[in-house]
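Novice: Structure: input.cif, mmCIF, C-alpha atoms and all ligand atoms.
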```cif
data_run
loop_
_atom_site.label_atom_id
_atom_site.label_comp_id
_atom_site.auth_asym_id
_atom_site.auth_seq_id
_atom_site.Cartn_x
_atom_site.Cartn_y
_atom_site.Cartn_z
CA MET A 1096 146.38 123.87 15.43
CA GLU A 1097 143.61 121.89 13.82
CA LYS A 1098 140.23 123.58 13.34
CA LYS A 1099 137.05 121.90 14.60
CA ASP A 1100 135.04 120.15 11.95
CA LEU A 1101 132.05 122.52 11.89
CA ASP A 1102 129.84 123.62 9.00
CA TRP A 1103 131.26 127.15 9.23
CA ALA A 1104 129.33 128.54 6.27
CA GLY A 1105 126.07 127.15 7.65
CA LEU A 1106 126.34 128.84 11.06
CA GLY A 1107 123.69 131.33 12.13
CA PHE A 1108 123.91 133.64 15.13
CA GLY A 1109 123.50 131.01 17.82
CA TYR A 1110 125.31 129.49 20.79
CA VAL A 1111 127.79 126.74 20.08
CA GLN A 1112 129.61 125.72 23.23
CA THR A 1113 133.37 126.02 22.98
CA GLU A 1114 136.00 124.49 25.24
CA GLN A 1115 137.29 127.22 27.51
CA ARG A 1116 135.88 130.32 29.17
CA TYR A 1117 137.41 132.96 31.43
CA VAL A 1118 136.14 133.56 34.97
CA SER A 1119 137.09 136.09 37.65
CA ASN A 1120 135.23 136.73 40.91
CA PHE A 1121 134.90 139.96 42.87
CA LYS A 1122 134.75 139.53 46.65
CA ASP A 1123 135.84 141.59 49.67
CA GLY A 1124 136.38 144.62 47.44
CA LYS A 1125 138.69 143.05 44.88
CA TRP A 1126 138.83 140.94 41.72
CA ASP A 1127 140.64 137.62 42.11
CA GLU A 1128 143.37 136.46 39.75
CA GLY A 1129 140.91 134.82 37.34
CA GLY A 1130 141.59 132.10 34.82
CA LEU A 1131 140.23 129.70 32.24
CA THR A 1132 137.82 126.88 32.99
CA GLU A 1133 136.05 124.17 31.01
CA ASP A 1134 132.92 124.51 33.16
CA ALA A 1135 130.22 126.25 31.14
CA ASN A 1136 127.69 126.20 33.98
CA ILE A 1137 127.16 128.68 36.81
CA VAL A 1138 125.64 127.82 40.20
CA LEU A 1139 124.07 130.79 41.94
CA ASN A 1140 122.19 131.43 45.15
CA GLU A 1141 118.43 131.79 44.59
CA CYS A 1142 118.63 135.39 45.80
CA ALA A 1143 121.65 136.48 43.69
CA GLY A 1144 121.52 140.17 42.72
CA VAL A 1145 121.37 139.33 39.03
CA LEU A 1146 118.31 137.12 39.52
CA GLN A 1147 116.37 139.64 41.60
CA TYR A 1148 117.22 143.07 40.24
CA ALA A 1149 118.87 142.26 36.89
CA GLN A 1150 122.26 143.62 37.86
CA THR A 1151 124.07 142.43 34.76
CA CYS A 1152 125.84 143.89 31.78
CA PHE A 1153 127.76 142.58 28.79
CA GLU A 1154 129.92 143.29 25.78
CA GLY A 1155 130.31 141.79 22.32
CA LEU A 1156 133.28 141.62 19.99
CA LYS A 1157 134.68 139.18 17.46
CA ALA A 1158 137.84 137.30 16.53
CA TYR A 1159 138.67 136.89 12.86
CA THR A 1160 141.05 134.74 10.84
CA THR A 1161 142.93 137.02 8.47
CA GLU A 1162 143.77 136.29 4.86
CA ASP A 1163 147.32 135.31 5.94
CA GLY A 1164 146.05 133.00 8.69
CA ARG A 1165 146.52 135.13 11.82
CA ILE A 1166 143.82 135.35 14.52
CA VAL A 1167 142.92 138.94 15.41
CA THR A 1168 140.36 140.96 17.35
CA PHE A 1169 139.05 144.40 16.53
CA ARG A 1170 139.53 147.29 18.99
CA PRO A 1171 139.02 145.25 22.21
CA ASP A 1172 140.24 148.25 24.22
CA LEU A 1173 137.02 150.07 23.32
CA ASN A 1174 134.90 147.17 24.60
CA ALA A 1175 136.95 147.24 27.81
CA GLU A 1176 136.30 150.95 28.16
CA ARG A 1177 132.58 150.69 27.42
CA MET A 1178 132.15 147.86 29.91
CA PHE A 1179 134.00 149.94 32.48
CA ASP A 1180 131.55 152.82 31.92
CA THR A 1181 128.57 150.47 31.96
CA ALA A 1182 129.66 148.91 35.25
CA LYS A 1183 130.03 152.30 36.91
CA ARG A 1184 126.49 153.33 35.86
CA LEU A 1185 125.12 150.05 37.29
CA GLU A 1186 127.05 150.34 40.59
CA MET A 1187 129.14 147.31 39.68
CA PRO A 1188 132.89 147.15 40.23
CA PRO A 1189 134.49 147.88 36.84
CA PHE A 1190 136.77 145.13 35.56
CA PRO A 1191 140.24 146.62 34.93
CA LYS A 1192 140.60 147.51 31.25
CA GLU A 1193 144.03 145.95 30.68
CA ARG A 1194 142.86 142.74 32.33
CA PHE A 1195 139.76 142.73 30.11
CA VAL A 1196 141.93 142.80 26.98
CA GLU A 1197 144.27 140.13 28.36
CA ALA A 1198 141.31 137.92 29.25
CA VAL A 1199 139.87 138.31 25.73
CA LYS A 1200 143.21 137.26 24.27
CA ALA A 1201 143.48 134.27 26.63
CA VAL A 1202 140.01 132.93 25.91
CA VAL A 1203 140.33 133.36 22.13
CA LYS A 1204 143.73 131.65 22.16
CA ALA A 1205 142.31 128.77 24.20
CA ASN A 1206 139.49 128.35 21.66
CA ALA A 1207 141.58 128.95 18.52
CA ALA A 1208 140.20 125.76 16.98
CA TYR A 1209 136.77 127.43 16.94
CA VAL A 1210 137.84 130.62 15.16
CA PRO A 1211 136.22 130.16 11.74
CA PRO A 1212 138.61 129.96 8.78
CA TYR A 1213 139.19 132.96 6.51
CA GLY A 1214 136.57 133.24 3.81
CA SER A 1215 133.98 131.04 5.57
CA GLY A 1216 131.70 134.00 6.32
CA ALA A 1217 131.74 133.09 10.03
CA THR A 1218 133.62 134.64 12.97
CA LEU A 1219 134.17 133.86 16.64
CA TYR A 1220 131.82 135.98 18.74
CA ILE A 1221 133.27 136.92 22.14
CA ARG A 1222 130.84 137.65 24.96
CA PRO A 1223 132.25 139.28 28.12
CA TYR A 1224 129.67 139.78 30.88
CA MET A 1225 129.34 140.49 34.56
CA PHE A 1226 126.64 139.95 37.16
CA GLY A 1227 125.88 140.29 40.86
CA THR A 1228 126.22 136.94 42.61
CA ASN A 1229 125.57 137.32 46.35
CA PRO A 1230 122.06 137.37 47.92
CA VAL A 1231 120.36 140.78 47.61
CA ILE A 1232 116.78 141.32 48.70
CA GLY A 1233 116.61 145.02 49.58
CA VAL A 1234 117.07 147.08 46.41
CA LYS A 1235 120.79 147.75 46.46
CA PRO A 1236 123.88 146.74 44.50
CA ALA A 1237 125.38 143.30 45.13
CA ALA A 1238 128.68 143.07 47.02
CA GLU A 1239 130.02 140.13 45.00
CA TYR A 1240 130.26 139.72 41.23
CA GLN A 1241 131.43 137.36 38.55
CA PHE A 1242 133.06 138.47 35.29
CA ARG A 1243 133.12 135.88 32.51
CA ILE A 1244 133.98 135.63 28.85
CA PHE A 1245 132.78 132.86 26.59
CA THR A 1246 133.14 132.49 22.84
CA THR A 1247 130.88 131.01 20.20
CA PRO A 1248 131.37 130.71 16.44
CA VAL A 1249 128.68 132.66 14.58
CA GLY A 1250 127.40 133.40 11.11
CA PRO A 1251 125.22 136.35 10.05
CA TYR A 1252 123.01 137.99 12.70
CA PHE A 1253 120.11 138.45 10.30
CA LYS A 1254 118.79 135.52 8.30
CA GLY A 1255 119.49 135.99 4.61
CA GLY A 1256 122.94 137.50 5.20
CA ALA A 1257 123.36 140.65 3.14
CA LYS A 1258 119.78 140.90 1.87
CA PRO A 1259 118.18 144.25 2.72
CA LEU A 1260 115.98 144.20 5.80
CA THR A 1261 112.52 145.59 6.44
CA LEU A 1262 112.13 147.37 9.79
CA CYS A 1263 109.14 148.83 11.58
CA VAL A 1264 108.85 151.94 13.69
CA SER A 1265 108.21 150.72 17.23
CA ASP A 1266 105.40 151.93 19.45
CA PHE A 1267 107.63 151.12 22.41
CA ASP A 1268 110.53 153.18 23.70
CA ARG A 1269 113.98 151.67 24.07
CA ALA A 1270 115.62 154.17 26.38
CA ALA A 1271 114.60 157.23 28.36
CA PRO A 1272 116.52 160.51 28.41
CA HIS A 1273 119.01 160.26 31.31
CA GLY A 1274 118.34 156.50 31.46
CA THR A 1275 120.53 153.55 30.49
CA GLY A 1276 120.38 153.56 26.68
CA HIS A 1277 124.04 154.54 26.37
CA ILE A 1278 125.34 151.53 28.31
CA LYS A 1279 125.23 147.82 27.62
CA ALA A 1280 122.97 146.78 30.48
CA GLY A 1281 121.06 143.51 30.23
CA LEU A 1282 117.90 145.38 31.20
CA ASN A 1283 117.93 147.29 27.87
CA TYR A 1284 117.63 143.97 26.07
CA ALA A 1285 115.07 142.46 28.45
CA MET A 1286 112.73 145.36 27.73
CA SER A 1287 113.23 144.88 23.97
CA LEU A 1288 112.06 141.26 23.95
CA HIS A 1289 108.34 142.01 23.75
CA PRO A 1290 108.76 144.63 20.97
CA ILE A 1291 111.06 142.32 18.96
CA VAL A 1292 108.66 139.38 19.25
CA GLU A 1293 105.85 141.64 18.03
CA ALA A 1294 108.01 142.93 15.17
CA HIS A 1295 109.01 139.40 14.13
CA ASN A 1296 105.41 138.19 14.32
CA ALA A 1297 104.44 141.02 11.99
CA GLY A 1298 107.20 140.01 9.54
CA PHE A 1299 109.80 142.68 10.37
CA ALA A 1300 113.48 142.02 11.02
CA GLU A 1301 113.94 144.68 13.71
CA ASN A 1302 112.44 147.77 15.35
CA MET A 1303 113.44 151.34 14.70
CA TYR A 1304 113.17 153.13 18.04
CA LEU A 1305 112.51 156.86 18.13
CA ASP A 1306 113.57 159.17 20.96
CA ALA A 1307 111.29 158.62 23.94
CA ALA A 1308 110.81 162.31 24.78
CA THR A 1309 109.50 163.62 21.45
CA ARG A 1310 109.14 160.60 19.17
CA THR A 1311 110.52 162.71 16.34
CA LYS A 1312 114.16 161.59 16.17
CA VAL A 1313 115.78 158.34 15.12
CA GLU A 1314 117.61 156.46 17.87
CA GLU A 1315 118.64 152.90 17.03
CA THR A 1316 117.37 149.33 16.81
CA GLY A 1317 117.43 146.74 19.59
CA GLY A 1318 120.97 145.65 18.71
CA ALA A 1319 122.58 148.08 16.25
CA ASN A 1320 123.08 151.77 15.38
CA PHE A 1321 121.83 153.37 12.17
CA LEU A 1322 123.87 154.70 9.29
CA PHE A 1323 122.24 156.69 6.49
CA VAL A 1324 123.65 157.94 3.21
CA THR A 1325 122.31 161.15 1.68
CA LYS A 1326 121.55 161.43 -2.04
CA ASP A 1327 124.79 163.39 -2.46
CA GLY A 1328 126.86 160.67 -0.79
CA LYS A 1329 127.32 161.94 2.75
CA VAL A 1330 127.26 159.42 5.62
CA VAL A 1331 124.98 160.46 8.49
CA THR A 1332 124.51 158.74 11.85
CA PRO A 1333 122.13 159.73 14.66
CA LYS A 1334 123.55 161.55 17.65
CA SER A 1335 121.81 160.92 20.95
CA ASP A 1336 122.74 160.45 24.60
CA SER A 1337 120.39 157.48 24.84
CA ILE A 1338 121.88 155.21 22.15
CA LEU A 1339 124.73 152.76 22.60
CA PRO A 1340 128.03 154.24 21.38
CA SER A 1341 128.66 151.51 18.80
CA ILE A 1342 132.31 150.70 18.19
CA THR A 1343 131.44 149.62 14.64
CA ARG A 1344 129.70 152.93 13.96
CA ARG A 1345 132.53 155.00 15.45
CA SER A 1346 134.98 153.01 13.32
CA LEU A 1347 132.88 153.39 10.17
CA MET A 1348 132.78 157.16 10.55
CA ILE A 1349 136.59 157.10 10.46
CA VAL A 1350 136.60 154.62 7.56
CA ALA A 1351 134.18 156.86 5.61
CA LYS A 1352 136.35 159.92 6.05
CA GLU A 1353 139.86 158.51 5.98
CA TYR A 1354 139.62 155.51 3.66
CA LEU A 1355 136.81 156.54 1.35
CA GLY A 1356 137.12 160.34 1.36
CA LEU A 1357 133.43 160.76 2.20
CA GLU A 1358 131.85 163.39 4.38
CA ALA A 1359 130.54 161.80 7.56
CA GLU A 1360 128.42 163.50 10.16
CA GLU A 1361 127.00 162.53 13.57
CA ARG A 1362 123.93 164.65 14.21
CA GLU A 1363 120.31 164.49 15.30
CA VAL A 1364 118.30 162.76 12.58
CA TYR A 1365 114.59 163.57 12.42
CA PHE A 1366 112.32 160.72 11.41
CA ASP A 1367 110.74 163.07 8.85
CA GLU A 1368 113.98 163.23 6.86
CA VAL A 1369 114.50 159.44 6.68
CA LYS A 1370 112.45 159.26 3.45
CA ASP A 1371 115.01 161.54 1.78
CA PHE A 1372 118.06 159.30 2.34
CA ALA A 1373 119.46 157.16 -0.47
CA GLU A 1374 120.71 154.28 1.67
CA CYS A 1375 120.24 152.95 5.17
CA GLY A 1376 122.10 150.31 7.15
CA LEU A 1377 122.41 148.85 10.64
CA CYS A 1378 125.86 148.58 12.13
CA GLY A 1379 127.23 146.68 15.07
CA THR A 1380 129.48 143.79 15.96
CA ALA A 1381 126.77 141.21 15.33
CA ALA A 1382 125.09 143.12 12.47
CA VAL A 1383 128.41 144.18 10.84
CA ILE A 1384 126.63 146.39 8.29
CA SER A 1385 123.23 145.04 7.39
CA PRO A 1386 121.44 147.00 4.68
CA VAL A 1387 117.91 148.25 5.26
CA GLY A 1388 115.64 148.40 2.20
CA LYS A 1389 112.37 149.47 3.78
CA ILE A 1390 111.01 151.02 6.97
CA VAL A 1391 107.32 150.75 7.75
CA ASP A 1392 105.72 153.41 9.93
CA HIS A 1393 102.23 152.26 10.88
CA GLY A 1394 101.44 151.08 7.37
CA LYS A 1395 103.30 153.87 5.58
CA GLU A 1396 106.31 152.55 3.69
CA ILE A 1397 109.64 154.28 3.25
CA CYS A 1398 111.50 152.49 0.46
CA PHE A 1399 115.14 153.40 0.00
CA PRO A 1400 116.30 153.86 -3.61
CA SER A 1401 118.96 151.19 -3.01
CA GLY A 1402 116.09 148.67 -3.12
CA MET A 1403 115.42 145.23 -1.64
CA ASP A 1404 117.94 143.19 -3.63
CA GLU A 1405 121.36 144.39 -2.59
CA MET A 1406 123.35 146.82 -0.47
CA GLY A 1407 123.52 150.39 -1.67
CA PRO A 1408 126.85 151.37 -3.29
CA ILE A 1409 128.21 153.40 -0.37
CA THR A 1410 127.02 150.91 2.22
CA ARG A 1411 128.87 148.25 0.23
CA LYS A 1412 132.07 150.29 0.15
CA LEU A 1413 131.86 150.83 3.89
CA TYR A 1414 131.24 147.12 4.42
CA GLU A 1415 134.10 146.05 2.22
CA THR A 1416 136.54 148.47 3.76
CA LEU A 1417 135.64 147.63 7.35
CA THR A 1418 135.73 143.87 6.79
CA GLY A 1419 138.90 144.34 4.71
CA ILE A 1420 140.56 145.89 7.76
CA GLN A 1421 139.19 143.19 10.08
CA MET A 1422 140.29 140.33 7.82
CA GLY A 1423 143.75 141.76 7.18
CA ARG A 1424 143.23 142.70 3.52
CA LEU A 1425 143.70 146.41 4.23
CA ASP A 1426 146.13 148.22 6.50
CA PRO A 1427 144.39 149.14 9.76
CA PRO A 1428 144.62 152.45 11.57
CA GLU A 1429 147.07 152.27 14.48
CA GLY A 1430 145.81 150.07 17.32
CA TRP A 1431 142.66 148.75 15.66
CA ILE A 1432 143.83 145.17 15.14
CA VAL A 1433 145.08 143.12 18.08
CA GLU A 1434 146.72 139.85 17.14
CA ILE A 1435 146.25 136.75 19.29
CA LYS A 1436 149.54 134.88 19.52
N1 LIG B 1 123.35 149.28 19.66
C1 LIG B 1 122.95 148.28 20.45
C2 LIG B 1 121.69 148.44 21.21
C3 LIG B 1 123.73 147.12 20.55
O1 LIG B 1 123.36 146.11 21.32
C4 LIG B 1 124.92 147.02 19.80
C5 LIG B 1 125.77 145.84 19.90
O2 LIG B 1 126.74 145.80 20.57
C6 LIG B 1 125.28 148.10 18.99
C7 LIG B 1 124.48 149.21 18.94
C8 LIG B 1 126.54 148.05 18.19
O3 LIG B 1 127.65 148.28 18.98
P1 LIG B 1 129.07 147.70 18.58
O4 LIG B 1 129.35 148.23 17.22
O5 LIG B 1 129.98 148.25 19.60
O6 LIG B 1 128.95 146.24 18.60
C1 LIG B 2 126.62 142.87 19.43
O1 LIG B 2 126.53 143.28 18.28
O2 LIG B 2 127.69 142.46 19.91
C2 LIG B 2 125.48 142.87 20.32
O3 LIG B 2 125.67 142.78 21.49
C3 LIG B 2 124.13 142.96 19.78
C4 LIG B 2 123.26 141.84 20.23
C5 LIG B 2 121.89 142.18 19.79
C6 LIG B 2 123.71 140.52 19.71
#
```
Turn the structure described in the file into structure tokens.

Specialist:
Amino acid sequence: MEKKDLDWAGLGFGYVQTEQRYVSNFKDGKWDEGGLTEDANIVLNECAGVLQYAQTCFEGLKAYTTEDGRIVTFRPDLNAERMFDTAKRLEMPPFPKERFVEAVKAVVKANAAYVPPYGSGATLYIRPYMFGTNPVIGVKPAAEYQFRIFTTPVGPYFKGGAKPLTLCVSDFDRAAPHGTGHIKAGLNYAMSLHPIVEAHNAGFAENMYLDAATRTKVEETGGANFLFVTKDGKVVTPKSDSILPSITRRSLMIVAKEYLGLEAEEREVYFDEVKDFAECGLCGTAAVISPVGKIVDHGKEICFPSGMDEMGPITRKLYETLTGIQMGRLDPPEGWIVEIK
């Protein structure tokens, strides 16, 4: 199969339309057979549930070309499971998990020419999503839904690639206790648009959100979980019911312990202790691991000893091990790598 002639190394995190996408519709209480289509456009009734009451959710994962030329995805079963949980919380019909994984495989295979080559620094981002399609005007869940998956080749999420980021502590809250912070609902991202525009206008790459109830504990950013490294080399990640259970973060905790022999702990992290960490990073499918050099809290700067020039040493080891597993340079734990054939 011949690859498309794209400037792979020059890609940012943007939408590049690819050839095929997967579509399945839910009607009369069941999902139809589904299949691939070349049609990238969606025609909806003006009163569709998604347009009125934002009944929509999504997932994100990637396909990689390995060193030996295979195309693989990373733990798609966990995306299937998280989307299942998200759908239930939003009163949407969950898409069957096995079908989710099969649909991911089908759409990646159909767009194999867009999976960036090994070593290009780019990957194929896979975006499953679901939304209410029938007219809804009283506040209630839709009765009909569409599940889709498109793919788009992407480069680094943050401009500058692996250069450490500067974040600011947000005055806005991302998620309430007992709210929707732990699921991948579109509404969580809609509410983050104003804070992210403000952060960008002030020169920051992202927001650090604190817990809404007490504003004393670290939660996450708009699109990634936090990882910290203590001065004695322990990996620490915030525990909270209102952050998204990142698949990258859960994987990195295993990588830290089982590949690197590090201590790794998920616990509440108070904002007051952030100044004492040696390294900080953001982790997620899009972010991979993006190092954080500085966090600004209303003019007060927290500068991590790892500095503003490169990743800290443990962050780098985590990054290299995770991407080594994803790109086929290291043996994966059982079930982590799913080959597309
Ligand atoms: N947190 C938020 C708010 C996100 O949007 C994402 C992206 O999916 C993550 C964390 C990272 O999750 P994952 O590693 O599963 O991509
Ligand atoms: C992802 O990492 O897949 C996400 O969904 C985050 C989003 C901000 C791009």

Novice: Could you report the residues within 7 Å of ligand LIG 2 (chain B), using only C-alpha atoms and all ligand atoms, as a ChimeraX atom specification?

Specialist: /A:1154-1156,1317-1319,1379-1382

Novice: To check your reading of the model: which residues sit at most 9 Å from ligand LIG 1 (chain B) when counting all atoms listed in the file? Write the answer as number ranges by chain.

Specialist: A: 1153-1156, 1173-1174, 1177, 1269, 1276-1279, 1283-1284, 1315-1321, 1338-1346, 1377-1383

Novice: Measuring between all atoms listed in the file, which one of A:Asp1266, A:Pro1236, A:Lys1122, A:Leu1305 shows the shortest distance to His1289 (chain A)?

Specialist: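 Under the stated criterion, the closest residue is A:Asp1266.
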
Novice: Expressed in Å to a single decimal, how great is the separation between CA of Pro1428 (chain A) and CA of Ile1349 (chain A)?

Specialist: 9.3 Å

Novice: Which of these residues is nearest to Gly1423 (chain A), using all atoms listed in the file: A:Ala1238, A:Val1167, A:Ala1300, A:Ala1294?

Specialist: A:Val1167

Novice: Name all residues at most 8 Å from Lys1204 (chain A) (count all atoms listed in the file; drop same-chain ones fewer than 4 positions away) and give them as a list in words.

Specialist: Lys1200, Ile1435 and Lys1436 of chain A

Novice: Just checking: using all atoms listed in the file, which residue out of A:Asn1120, A:Ser1337, A:Thr1416, A:Ser1287 ends up closest to Asp1306 (chain A)?

Specialist: A:Ser1337

Novice: Which residue is closest to Ala1280 (chain A)? Choose from A:Asp1180, A:Glu1374, A:Asp1336, A:Glu1368 and count all atoms listed in the file.

Specialist: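 The closest residue to Ala1280 (chain A) is A:Asp1180.
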
Novice: Using all atoms listed in the file, find the one residue out of A:Glu1097, A:Asp1163, A:Asp1123, A:Asp1371 that sits nearest to Glu1239 (chain A).

Specialist: A:Asp1123

Novice: Using only C-alpha atoms, which of the listed residues (A:Leu1106, A:Met1178, A:Ala1237, A:Ala1373) sits closest to Pro1408 (chain A)?

Specialist: A:Ala1373

Novice: Can you pull out the residues contacting Thr1410 (chain A)? Cut-off 8 Å, using all atoms listed in the file, and skip same-chain residues under 2 positions away; I want them as a PyMOL selection string.

Specialist: chain A and resi 1324+1374-1376+1384+1386+1406-1408+1412-1414

Novice: Fewer than 3 positions away in the same chain doesn't count, so skip those; otherwise give me all residues within 8 Å of Gln1112 (chain A), counting all atoms listed in the file, as a ChimeraX atom specification.

Specialist: /A:1135,1246-1247

Novice: I'd like the contact shell of Asp1102 (chain A) - 12 Å cut-off, all atoms listed in the file, skipping same-chain residues fewer than 3 positions apart - returned as a list in words.

Specialist: Lys1098, Lys1099, Gly1105, Leu1106, Gly1107, Val1111, Tyr1209, Pro1211, Pro1212, Ser1215, Gly1216, Ala1217, Pro1248, Val1249 and Gly1250 of chain A

Novice: Give me the residues within 12 Å of Pro1189 (chain A) as a ChimeraX atom specification, counting all atoms listed in the file and dropping any in the same chain fewer than 3 places off.

Specialist: /A:1120-1121,1124-1126,1151-1153,1175-1186,1192-1195,1224-1226,1240-1242

Novice: For CA of Asp1404 (chain A) and CA of Val1313 (chain A), quote the distance in Å rounded to one decimal.

Specialist: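 Here the two named atoms are 24.2 Å from each other.
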
Novice: Suppose you want the space between CA of Lys1258 (chain A) and CA of Ser1401 (chain A); what is it in Å?

Specialist: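 Straight-line distance from CA of Lys1258 (chain A) to CA of Ser1401 (chain A) works out to 11.4 Å.
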
Novice: Anything within 6 Å of (121.8, 132.5, 14.5): list those residues as a list of chain:residue names, counting only C-alpha atoms and sticking to the file's coordinates.

Specialist: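 Protein, DNA and RNA residues close to (121.8, 132.5, 14.5): A:Gly1107, A:Phe1108, A:Gly1109, A:Tyr1252.
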
Novice: Counting all atoms listed in the file, find residues at most 6 Å from (126.7, 162.2, 14.1) (file frame) and give them as a ChimeraX atom specification.

Specialist: /A:1332-1334,1360-1362

Novice: Using C-alpha atoms, can you export the residues from the last selection as an mmCIF file, keeping the file's coordinate frame?

Specialist:
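selection.cif, written as the output of this step:
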```cif
data_model
loop_
_atom_site.group_PDB
_atom_site.id
_atom_site.type_symbol
_atom_site.label_atom_id
_atom_site.label_comp_id
_atom_site.auth_asym_id
_atom_site.auth_seq_id
_atom_site.Cartn_x
_atom_site.Cartn_y
_atom_site.Cartn_z
ATOM 1 C CA THR A 1332 124.510 158.740 11.850
ATOM 2 C CA PRO A 1333 122.130 159.730 14.660
ATOM 3 C CA LYS A 1334 123.550 161.550 17.650
ATOM 4 C CA GLU A 1360 128.420 163.500 10.160
ATOM 5 C CA GLU A 1361 127.000 162.530 13.570
ATOM 6 C CA ARG A 1362 123.930 164.650 14.210
#
```

Novice: Output as CSV one row per residue of region 1213-1306 of chain A within 7 Å of region 1136-1140 of chain A: the closest atom pair and its distance in Å to one decimal place, counting all atoms listed in the file, sorted by chain and residue number ascending.

Specialist:
```
residue,atom,partner,partner_atom,distance
A:Thr1228,CA,A:Leu1139,CA,6.5
A:Asn1229,CA,A:Asn1140,CA,6.9
A:Pro1230,CA,A:Asn1140,CA,6.6
```

Novice: Output region 1410-1415 of chain A as a JSON list (two decimals), keeping the file's coordinate frame, making sure all heavy atoms are there.

Specialist:
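Contents of out_27.json, as written:
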```
[["chain", "number", "residue", "atom", "x", "y", "z"],
["A", 1410, "THR", "N", 127.07, 151.91, 1.15],
["A", 1410, "THR", "CA", 127.02, 150.91, 2.22],
["A", 1410, "THR", "C", 127.97, 149.77, 1.89],
["A", 1410, "THR", "O", 128.71, 149.28, 2.76],
["A", 1410, "THR", "CB", 125.57, 150.37, 2.38],
["A", 1410, "THR", "OG1", 124.70, 151.48, 2.54],
["A", 1410, "THR", "CG2", 125.44, 149.46, 3.57],
["A", 1411, "ARG", "N", 127.99, 149.35, 0.64],
["A", 1411, "ARG", "CA", 128.87, 148.25, 0.23],
["A", 1411, "ARG", "C", 130.34, 148.63, 0.40],
["A", 1411, "ARG", "O", 131.14, 147.85, 0.90],
["A", 1411, "ARG", "CB", 128.58, 147.83, -1.22],
["A", 1411, "ARG", "CG", 129.59, 146.83, -1.77],
["A", 1411, "ARG", "CD", 129.07, 146.03, -2.94],
["A", 1411, "ARG", "NE", 127.93, 145.21, -2.58],
["A", 1411, "ARG", "CZ", 127.98, 144.07, -1.90],
["A", 1411, "ARG", "NH1", 129.15, 143.61, -1.47],
["A", 1411, "ARG", "NH2", 126.90, 143.39, -1.61],
["A", 1412, "LYS", "N", 130.67, 149.86, 0.00],
["A", 1412, "LYS", "CA", 132.07, 150.29, 0.15],
["A", 1412, "LYS", "C", 132.47, 150.31, 1.63],
["A", 1412, "LYS", "O", 133.58, 149.91, 1.99],
["A", 1412, "LYS", "CB", 132.25, 151.70, -0.42],
["A", 1412, "LYS", "CG", 132.45, 151.72, -1.91],
["A", 1412, "LYS", "CD", 132.92, 153.11, -2.33],
["A", 1412, "LYS", "CE", 132.71, 153.30, -3.81],
["A", 1412, "LYS", "NZ", 132.71, 154.71, -4.21],
["A", 1413, "LEU", "N", 131.57, 150.80, 2.46],
["A", 1413, "LEU", "CA", 131.86, 150.83, 3.89],
["A", 1413, "LEU", "C", 132.06, 149.40, 4.41],
["A", 1413, "LEU", "O", 133.00, 149.12, 5.17],
["A", 1413, "LEU", "CB", 130.72, 151.50, 4.66],
["A", 1413, "LEU", "CG", 130.60, 153.02, 4.50],
["A", 1413, "LEU", "CD1", 129.26, 153.51, 5.01],
["A", 1413, "LEU", "CD2", 131.74, 153.73, 5.26],
["A", 1414, "TYR", "N", 131.18, 148.52, 4.00],
["A", 1414, "TYR", "CA", 131.24, 147.12, 4.42],
["A", 1414, "TYR", "C", 132.56, 146.47, 3.99],
["A", 1414, "TYR", "O", 133.25, 145.82, 4.78],
["A", 1414, "TYR", "CB", 130.04, 146.36, 3.83],
["A", 1414, "TYR", "CG", 130.05, 144.88, 4.10],
["A", 1414, "TYR", "CD1", 129.50, 144.39, 5.28],
["A", 1414, "TYR", "CD2", 130.63, 143.98, 3.21],
["A", 1414, "TYR", "CE1", 129.53, 143.03, 5.56],
["A", 1414, "TYR", "CE2", 130.66, 142.64, 3.47],
["A", 1414, "TYR", "CZ", 130.11, 142.15, 4.65],
["A", 1414, "TYR", "OH", 130.14, 140.80, 4.91],
["A", 1415, "GLU", "N", 132.89, 146.70, 2.73],
["A", 1415, "GLU", "CA", 134.10, 146.05, 2.22],
["A", 1415, "GLU", "C", 135.37, 146.60, 2.86],
["A", 1415, "GLU", "O", 136.31, 145.86, 3.11],
["A", 1415, "GLU", "CB", 134.14, 146.14, 0.69],
["A", 1415, "GLU", "CG", 133.24, 145.06, 0.13],
["A", 1415, "GLU", "CD", 133.02, 145.10, -1.36],
["A", 1415, "GLU", "OE1", 133.58, 146.01, -2.03],
["A", 1415, "GLU", "OE2", 132.26, 144.25, -1.85]]
```
